[in-house]
file structure03.csv (CSV, C-alpha atoms)
chain,number,residue,atom,x,y,z
A,15,MET,CA,0.0,0.0,0.0
A,16,LYS,CA,2.9,2.3,0.8
A,17,GLY,CA,4.2,1.9,-2.8
A,18,THR,CA,0.8,2.7,-4.3
A,19,ALA,CA,0.6,5.9,-2.3
A,20,ALA,CA,4.0,6.9,-3.5
A,21,VAL,CA,3.0,6.3,-7.2
A,22,LEU,CA,-0.2,8.3,-6.8
A,23,ALA,CA,1.7,11.2,-5.1
A,24,ALA,CA,4.3,11.2,-7.9
A,25,ALA,CA,1.5,11.2,-10.5
A,26,GLY,CA,-0.2,14.1,-8.8
A,27,LEU,CA,3.1,16.0,-8.6
A,28,CYS,CA,3.5,15.5,-12.4
A,29,LEU,CA,0.1,17.0,-13.0
A,30,LEU,CA,0.9,20.0,-10.8
A,31,LEU,CA,4.3,20.6,-12.4
A,32,GLN,CA,3.3,20.5,-16.0
A,33,ALA,CA,6.0,21.4,-18.6
A,34,PRO,CA,6.5,25.1,-19.1
A,35,ALA,CA,5.2,26.8,-22.2
A,36,TRP,CA,8.7,26.9,-23.8
A,37,ALA,CA,8.8,23.1,-23.8
A,38,ALA,CA,6.0,22.9,-26.4
A,39,ASP,CA,6.7,20.4,-29.2
A,40,GLY,CA,7.2,21.6,-32.7
A,41,PRO,CA,7.4,25.0,-34.3
A,42,GLN,CA,5.2,27.9,-33.0
A,43,PRO,CA,3.9,30.7,-35.2
A,44,ALA,CA,5.7,34.0,-35.1
A,45,SER,CA,4.5,37.4,-36.5
A,46,GLY,CA,4.8,41.1,-35.7
A,47,THR,CA,6.4,44.4,-36.6
A,48,PHE,CA,9.8,46.0,-36.3
A,49,VAL,CA,9.8,49.8,-36.1
A,50,ILE,CA,13.2,51.5,-36.7
A,51,THR,CA,13.6,54.4,-34.3
A,52,SER,CA,17.2,55.4,-35.3
A,53,ALA,CA,19.3,54.8,-38.5
A,54,THR,CA,22.8,56.1,-38.7
A,55,VAL,CA,25.1,55.7,-41.7
A,56,GLU,CA,28.4,54.8,-40.2
A,57,SER,CA,30.3,54.7,-43.5
A,58,SER,CA,29.6,55.2,-47.2
A,59,ARG,CA,31.7,54.7,-50.4
A,60,VAL,CA,31.0,54.5,-54.1
A,61,VAL,CA,32.9,51.9,-56.2
A,62,GLY,CA,32.1,51.2,-59.8
A,63,GLY,CA,28.7,52.9,-59.5
A,64,ASN,CA,27.8,50.8,-56.5
A,65,THR,CA,27.1,52.5,-53.2
A,66,PHE,CA,28.3,50.6,-50.1
A,67,LEU,CA,26.8,51.6,-46.8
A,68,VAL,CA,27.3,50.4,-43.2
A,69,ILE,CA,24.2,51.4,-41.2
A,70,ALA,CA,23.5,51.2,-37.5
A,71,LEU,CA,19.9,50.7,-36.5
A,72,THR,CA,17.9,50.7,-33.3
A,73,GLY,CA,14.2,50.1,-32.8
A,74,ASN,CA,11.4,48.2,-31.2
A,75,ALA,CA,9.7,44.9,-32.1
A,76,THR,CA,6.1,44.1,-31.2
A,77,GLY,CA,4.3,40.8,-31.6
A,78,THR,CA,5.8,37.4,-30.9
A,79,PHE,CA,9.2,39.0,-30.4
A,80,ASP,CA,8.7,42.1,-28.2
A,81,GLY,CA,11.3,44.6,-27.1
A,82,PRO,CA,14.2,46.7,-28.4
A,83,PHE,CA,16.7,45.6,-31.0
A,84,VAL,CA,20.1,46.9,-32.3
A,85,GLU,CA,21.4,46.0,-35.8
A,86,THR,CA,24.3,46.7,-38.1
A,87,ASP,CA,23.6,46.4,-41.8
A,88,ARG,CA,26.0,46.3,-44.8
A,89,GLU,CA,24.0,47.4,-47.8
A,90,VAL,CA,24.9,47.7,-51.5
A,91,ILE,CA,22.8,49.9,-53.7
A,92,HIS,CA,23.6,49.0,-57.4
A,93,PRO,CA,23.4,51.6,-60.3
A,94,ASP,CA,20.1,50.1,-61.5
A,95,GLY,CA,18.5,50.7,-58.1
A,96,ARG,CA,18.6,47.1,-56.8
A,97,ALA,CA,19.8,46.7,-53.3
A,98,THR,CA,21.2,43.8,-51.2
A,99,LEU,CA,21.7,43.8,-47.5
A,100,LEU,CA,23.3,41.6,-44.9
A,101,GLY,CA,22.9,42.4,-41.2
A,102,THR,CA,23.5,41.2,-37.7
A,103,GLY,CA,21.7,42.2,-34.6
A,104,THR,CA,20.5,41.5,-31.1
A,105,GLN,CA,16.8,41.3,-30.1
A,106,TYR,CA,16.1,42.0,-26.4
A,107,GLY,CA,12.9,41.4,-24.4
A,108,THR,CA,10.3,38.7,-24.8
A,109,LEU,CA,11.0,36.0,-27.4
A,110,GLY,CA,7.7,34.2,-27.8
A,111,THR,CA,7.1,31.6,-25.2
A,112,CYS,CA,10.8,30.9,-24.8
A,113,GLY,CA,11.2,33.6,-22.1
A,114,SER,CA,12.8,37.0,-21.8
A,115,GLY,CA,16.4,37.9,-22.4
A,116,SER,CA,18.3,38.4,-25.6
A,117,ALA,CA,19.3,36.5,-28.8
A,118,GLN,CA,21.5,37.3,-31.7
A,119,TYR,CA,20.2,37.2,-35.3
A,120,VAL,CA,21.3,37.6,-38.9
A,121,THR,CA,19.2,39.0,-41.8
A,122,GLN,CA,19.5,39.0,-45.5
A,123,GLN,CA,17.4,41.1,-47.8
A,124,GLN,CA,17.0,42.2,-51.4
A,125,GLY,CA,14.9,44.7,-53.3
A,126,THR,CA,15.3,48.5,-53.8
A,127,ALA,CA,16.8,51.2,-51.6
A,128,THR,CA,13.3,51.8,-50.1
A,129,ASN,CA,11.6,48.3,-50.2
A,130,LEU,CA,13.4,45.2,-49.2
A,131,SER,CA,12.3,41.6,-48.5
A,132,GLY,CA,14.2,38.6,-47.1
A,133,ASP,CA,14.5,36.7,-43.9
A,134,PHE,CA,16.0,36.8,-40.5
A,135,ARG,CA,17.0,34.0,-38.1
A,136,PHE,CA,18.2,33.7,-34.6
A,137,VAL,CA,21.7,32.3,-34.3
A,138,ASP,CA,24.6,31.6,-32.0
A,139,GLN,CA,22.6,30.2,-29.2
A,140,ALA,CA,25.6,29.6,-27.0
A,141,THR,CA,25.7,33.3,-26.1
A,142,SER,CA,21.9,33.9,-25.7
A,143,THR,CA,21.0,35.1,-22.2
A,144,PRO,CA,19.1,33.1,-21.0
A,145,VAL,CA,16.8,32.5,-24.0
A,146,LYS,CA,17.5,29.6,-26.4
A,147,ILE,CA,15.5,30.0,-29.6
A,148,GLU,CA,15.6,28.9,-33.2
A,149,SER,CA,13.6,30.9,-35.6
A,150,VAL,CA,13.3,31.5,-39.4
A,151,ASP,CA,11.1,34.4,-40.4
A,152,LYS,CA,10.2,36.2,-43.7
A,153,LEU,CA,10.6,39.9,-43.6
A,154,THR,CA,9.2,42.7,-45.6
A,155,VAL,CA,10.7,46.2,-45.1
A,156,ASP,CA,9.4,49.6,-46.0
A,157,LEU,CA,12.3,51.9,-45.3
A,158,ALA,CA,10.4,55.0,-46.2
A,159,ALA,CA,8.0,54.2,-43.3
A,160,GLY,CA,10.8,52.8,-41.1
A,161,GLU,CA,8.9,49.6,-40.5
A,162,ALA,CA,9.1,45.9,-41.2
A,163,THR,CA,6.7,43.1,-40.8
A,164,TYR,CA,7.6,39.5,-40.1
A,165,THR,CA,6.0,36.1,-40.2
A,166,GLY,CA,7.4,32.6,-39.7
A,167,THR,CA,8.0,30.0,-37.0
A,168,TYR,CA,10.2,29.6,-33.9
A,169,HIS,CA,11.1,26.8,-31.5
A,170,CYS,CA,12.4,27.0,-28.0
A,171,THR,CA,15.6,24.9,-27.5

call {"tool": "encode", "arguments": {"input": "structure03.csv", "output": "C-alpha cells"}}
result
Amino acid sequence: MKGTAAVLAAAGLCLLLQAPAWAADGPQPASGTFVITSATVESSRVVGGNTFLVIALTGNATGTFDGPFVETDREVIHPDGRATLLGTGTQYGTLGTCGSGSAQYVTQQQGTATNLSGDFRFVDQATSTPVKIESVDKLTVDLAAGEATYTGTYHCT
C-alpha cells in the first residue's frame, strides 16, 4: 500500500508541475512588426557605380518578439536601383514563449533602396542570455515608413 501511495503522489506532482510553455513540441507561429527608431550611416563609399553603406539601426519589435533591438547592416545599392543587405543584430525582451532575455540574429534582404524583403533567423545560441531559440522568419521592409513586418516560426531549444 505504501508503494501505491508513492506512485499516486508522484502522478499528482507531475500534473501540478506541467511542462513550461517553452517546452511545447514543434514550431510555433511568429508574427509582428519592427519599427526603426534610429538609423545612422556609419560609412559610405562608391565603387564602380555601387554605393556601399554600413548602417547602425535601433528600434522596437512588437508581436511574438517584443522589445528593443540593435542591428548593423551592410547594404549595397547598385546603379540600376537594386539593393542587397546583410545584417547582424540582437533582439532583447520577450522572445515568444521561450522567455525574456536576448538572442543574436542575422538577416539578408534584397529589393530596392526603399523596399526590401528577405529573412532573419536567430543564431549563436551559446551566447543567448538566457533565451535559447531557433527561428526562421520572412521579412518585408518599407524603409520610407521605417517599418518591417515578419511572419514565420520559432522553436524554444

call {"tool": "closest_residue", "arguments": {"input": "structure03.csv", "among": "A:Phe66, A:Tyr119, A:Tyr106, A:Phe134", "to": "Leu153 in chain A", "atoms": "all atoms listed in the file"}}
result
A:Phe134

call {"tool": "closest_residue", "arguments": {"input": "structure03.csv", "among": "A:Gly132, A:Gly110, A:Gly63, A:Gly160", "to": "Pro41 in chain A", "atoms": "all atoms listed in the file"}}
result
A:Gly110

call {"tool": "atom_distance", "arguments": {"input": "structure03.csv", "atom1": "CA of Thr126 in chain A", "atom2": "CA of Ala158 in chain A"}}
result
11.1 Å

call {"tool": "residues_around", "arguments": {"input": "structure03.csv", "residues": "Ser45 in chain A", "least_positions_apart": "4", "cutoff": "12 Å", "atoms": "only C-alpha atoms", "output": "compact mmCIF listing (two decimals) with C-alpha atoms, in the frame of the given file"}}
result
# COMPACT_ATOMS: atom_id res chain seq x y z
CA ALA A 75 9.70 44.90 -32.10
CA THR A 76 6.10 44.10 -31.20
CA GLY A 77 4.30 40.80 -31.60
CA THR A 78 5.80 37.40 -30.90
CA PHE A 79 9.20 39.00 -30.40
CA ASP A 80 8.70 42.10 -28.20
CA LEU A 109 11.00 36.00 -27.40
CA GLY A 110 7.70 34.20 -27.80
CA SER A 149 13.60 30.90 -35.60
CA VAL A 150 13.30 31.50 -39.40
CA ASP A 151 11.10 34.40 -40.40
CA LYS A 152 10.20 36.20 -43.70
CA LEU A 153 10.60 39.90 -43.60
CA THR A 154 9.20 42.70 -45.60
CA ALA A 162 9.10 45.90 -41.20
CA THR A 163 6.70 43.10 -40.80
CA TYR A 164 7.60 39.50 -40.10
CA THR A 165 6.00 36.10 -40.20
CA GLY A 166 7.40 32.60 -39.70
CA THR A 167 8.00 30.00 -37.00
CA TYR A 168 10.20 29.60 -33.90

call {"tool": "atom_distance", "arguments": {"input": "structure03.csv", "atom1": "CA of Ser52 in chain A", "atom2": "CA of Thr72 in chain A"}}
result
5.2 Å

call {"tool": "residues_near_point", "arguments": {"input": "structure03.csv", "point": "(18.0, 37.4, -45.5)", "cutoff": "8 Å", "atoms": "all atoms listed in the file", "output": "PDB file with C-alpha atoms, keeping the file's coordinate frame"}}
result
ATOM      1  CA  LEU A  99      21.700  43.800 -47.500  1.00  0.00           C
ATOM      2  CA  LEU A 100      23.300  41.600 -44.900  1.00  0.00           C
ATOM      3  CA  VAL A 120      21.300  37.600 -38.900  1.00  0.00           C
ATOM      4  CA  THR A 121      19.200  39.000 -41.800  1.00  0.00           C
ATOM      5  CA  GLN A 122      19.500  39.000 -45.500  1.00  0.00           C
ATOM      6  CA  GLN A 123      17.400  41.100 -47.800  1.00  0.00           C
ATOM      7  CA  GLN A 124      17.000  42.200 -51.400  1.00  0.00           C
ATOM      8  CA  SER A 131      12.300  41.600 -48.500  1.00  0.00           C
ATOM      9  CA  GLY A 132      14.200  38.600 -47.100  1.00  0.00           C
ATOM     10  CA  ASP A 133      14.500  36.700 -43.900  1.00  0.00           C
ATOM     11  CA  PHE A 134      16.000  36.800 -40.500  1.00  0.00           C
TER      12      PHE A 134
END

call {"tool": "atom_distance", "arguments": {"input": "structure03.csv", "atom1": "CA of Gly95 in chain A", "atom2": "CA of Phe136 in chain A"}}
result
29.0 Å

call {"tool": "build_atoms", "arguments": {"input": "structure03.csv", "residues": "range 66-77 of chain A", "atoms": "all heavy atoms", "output": "PDB file, in the frame of the given file"}}
result
ATOM      1  N   PHE A  66      28.183  51.505 -51.250  1.00  0.00           N
ATOM      2  CA  PHE A  66      28.300  50.600 -50.100  1.00  0.00           C
ATOM      3  C   PHE A  66      28.096  51.370 -48.829  1.00  0.00           C
ATOM      4  O   PHE A  66      28.743  52.392 -48.593  1.00  0.00           O
ATOM      5  CB  PHE A  66      29.754  50.000 -50.092  1.00  0.00           C
ATOM      6  CG  PHE A  66      30.052  49.124 -51.274  1.00  0.00           C
ATOM      7  CD1 PHE A  66      30.482  49.669 -52.479  1.00  0.00           C
ATOM      8  CD2 PHE A  66      29.899  47.747 -51.178  1.00  0.00           C
ATOM      9  CE1 PHE A  66      30.755  48.856 -53.568  1.00  0.00           C
ATOM     10  CE2 PHE A  66      30.164  46.928 -52.260  1.00  0.00           C
ATOM     11  CZ  PHE A  66      30.595  47.491 -53.462  1.00  0.00           C
ATOM     12  N   LEU A  67      27.145  50.885 -48.013  1.00  0.00           N
ATOM     13  CA  LEU A  67      26.800  51.600 -46.800  1.00  0.00           C
ATOM     14  C   LEU A  67      26.929  50.603 -45.587  1.00  0.00           C
ATOM     15  O   LEU A  67      26.617  49.415 -45.698  1.00  0.00           O
ATOM     16  CB  LEU A  67      25.333  52.044 -46.820  1.00  0.00           C
ATOM     17  CG  LEU A  67      24.937  52.985 -47.949  1.00  0.00           C
ATOM     18  CD1 LEU A  67      23.424  53.129 -48.005  1.00  0.00           C
ATOM     19  CD2 LEU A  67      25.602  54.331 -47.763  1.00  0.00           C
ATOM     20  N   VAL A  68      27.352  51.150 -44.465  1.00  0.00           N
ATOM     21  CA  VAL A  68      27.300  50.400 -43.200  1.00  0.00           C
ATOM     22  C   VAL A  68      26.316  51.302 -42.341  1.00  0.00           C
ATOM     23  O   VAL A  68      26.564  52.503 -42.139  1.00  0.00           O
ATOM     24  CB  VAL A  68      28.627  50.288 -42.492  1.00  0.00           C
ATOM     25  CG1 VAL A  68      28.453  49.670 -41.114  1.00  0.00           C
ATOM     26  CG2 VAL A  68      29.556  49.444 -43.352  1.00  0.00           C
ATOM     27  N   ILE A  69      25.218  50.685 -41.895  1.00  0.00           N
ATOM     28  CA  ILE A  69      24.200  51.400 -41.200  1.00  0.00           C
ATOM     29  C   ILE A  69      23.897  50.801 -39.845  1.00  0.00           C
ATOM     30  O   ILE A  69      23.723  49.581 -39.738  1.00  0.00           O
ATOM     31  CB  ILE A  69      22.852  51.401 -42.051  1.00  0.00           C
ATOM     32  CG1 ILE A  69      23.119  51.942 -43.454  1.00  0.00           C
ATOM     33  CG2 ILE A  69      21.745  52.186 -41.356  1.00  0.00           C
ATOM     34  CD1 ILE A  69      21.990  51.695 -44.429  1.00  0.00           C
ATOM     35  N   ALA A  70      23.866  51.631 -38.803  1.00  0.00           N
ATOM     36  CA  ALA A  70      23.500  51.200 -37.500  1.00  0.00           C
ATOM     37  C   ALA A  70      22.055  51.520 -37.204  1.00  0.00           C
ATOM     38  O   ALA A  70      21.630  52.663 -37.397  1.00  0.00           O
ATOM     39  CB  ALA A  70      24.400  51.869 -36.415  1.00  0.00           C
ATOM     40  N   LEU A  71      21.280  50.507 -36.806  1.00  0.00           N
ATOM     41  CA  LEU A  71      19.900  50.700 -36.500  1.00  0.00           C
ATOM     42  C   LEU A  71      19.540  50.381 -35.080  1.00  0.00           C
ATOM     43  O   LEU A  71      20.161  49.511 -34.472  1.00  0.00           O
ATOM     44  CB  LEU A  71      19.018  49.712 -37.378  1.00  0.00           C
ATOM     45  CG  LEU A  71      19.158  49.748 -38.882  1.00  0.00           C
ATOM     46  CD1 LEU A  71      18.356  48.618 -39.509  1.00  0.00           C
ATOM     47  CD2 LEU A  71      18.698  51.081 -39.417  1.00  0.00           C
ATOM     48  N   THR A  72      18.556  51.076 -34.547  1.00  0.00           N
ATOM     49  CA  THR A  72      17.900  50.700 -33.300  1.00  0.00           C
ATOM     50  C   THR A  72      16.429  50.771 -33.510  1.00  0.00           C
ATOM     51  O   THR A  72      15.949  51.471 -34.411  1.00  0.00           O
ATOM     52  CB  THR A  72      18.312  51.628 -32.111  1.00  0.00           C
ATOM     53  OG1 THR A  72      17.906  52.964 -32.426  1.00  0.00           O
ATOM     54  CG2 THR A  72      19.805  51.607 -31.849  1.00  0.00           C
ATOM     55  N   GLY A  73      15.689  50.034 -32.695  1.00  0.00           N
ATOM     56  CA  GLY A  73      14.200  50.100 -32.800  1.00  0.00           C
ATOM     57  C   GLY A  73      13.550  49.197 -31.831  1.00  0.00           C
ATOM     58  O   GLY A  73      14.162  48.728 -30.865  1.00  0.00           O
ATOM     59  N   ASN A  74      12.277  48.989 -32.085  1.00  0.00           N
ATOM     60  CA  ASN A  74      11.400  48.200 -31.200  1.00  0.00           C
ATOM     61  C   ASN A  74      10.628  47.191 -31.993  1.00  0.00           C
ATOM     62  O   ASN A  74      10.101  47.523 -33.055  1.00  0.00           O
ATOM     63  CB  ASN A  74      10.490  49.085 -30.390  1.00  0.00           C
ATOM     64  CG  ASN A  74      11.232  49.931 -29.394  1.00  0.00           C
ATOM     65  OD1 ASN A  74      11.870  49.401 -28.502  1.00  0.00           O
ATOM     66  ND2 ASN A  74      11.183  51.240 -29.567  1.00  0.00           N
ATOM     67  N   ALA A  75      10.532  45.994 -31.456  1.00  0.00           N
ATOM     68  CA  ALA A  75       9.700  44.900 -32.100  1.00  0.00           C
ATOM     69  C   ALA A  75       8.453  44.771 -31.240  1.00  0.00           C
ATOM     70  O   ALA A  75       8.464  44.930 -30.017  1.00  0.00           O
ATOM     71  CB  ALA A  75      10.492  43.632 -32.094  1.00  0.00           C
ATOM     72  N   THR A  76       7.362  44.441 -31.921  1.00  0.00           N
ATOM     73  CA  THR A  76       6.100  44.100 -31.200  1.00  0.00           C
ATOM     74  C   THR A  76       5.628  42.782 -31.883  1.00  0.00           C
ATOM     75  O   THR A  76       5.966  42.470 -33.022  1.00  0.00           O
ATOM     76  CB  THR A  76       5.042  45.160 -31.380  1.00  0.00           C
ATOM     77  OG1 THR A  76       4.782  45.380 -32.768  1.00  0.00           O
ATOM     78  CG2 THR A  76       5.471  46.457 -30.722  1.00  0.00           C
ATOM     79  N   GLY A  77       4.849  42.041 -31.144  1.00  0.00           N
ATOM     80  CA  GLY A  77       4.300  40.800 -31.600  1.00  0.00           C
ATOM     81  C   GLY A  77       4.954  39.625 -30.873  1.00  0.00           C
ATOM     82  O   GLY A  77       5.196  39.732 -29.667  1.00  0.00           O
TER      83      GLY A  77
END
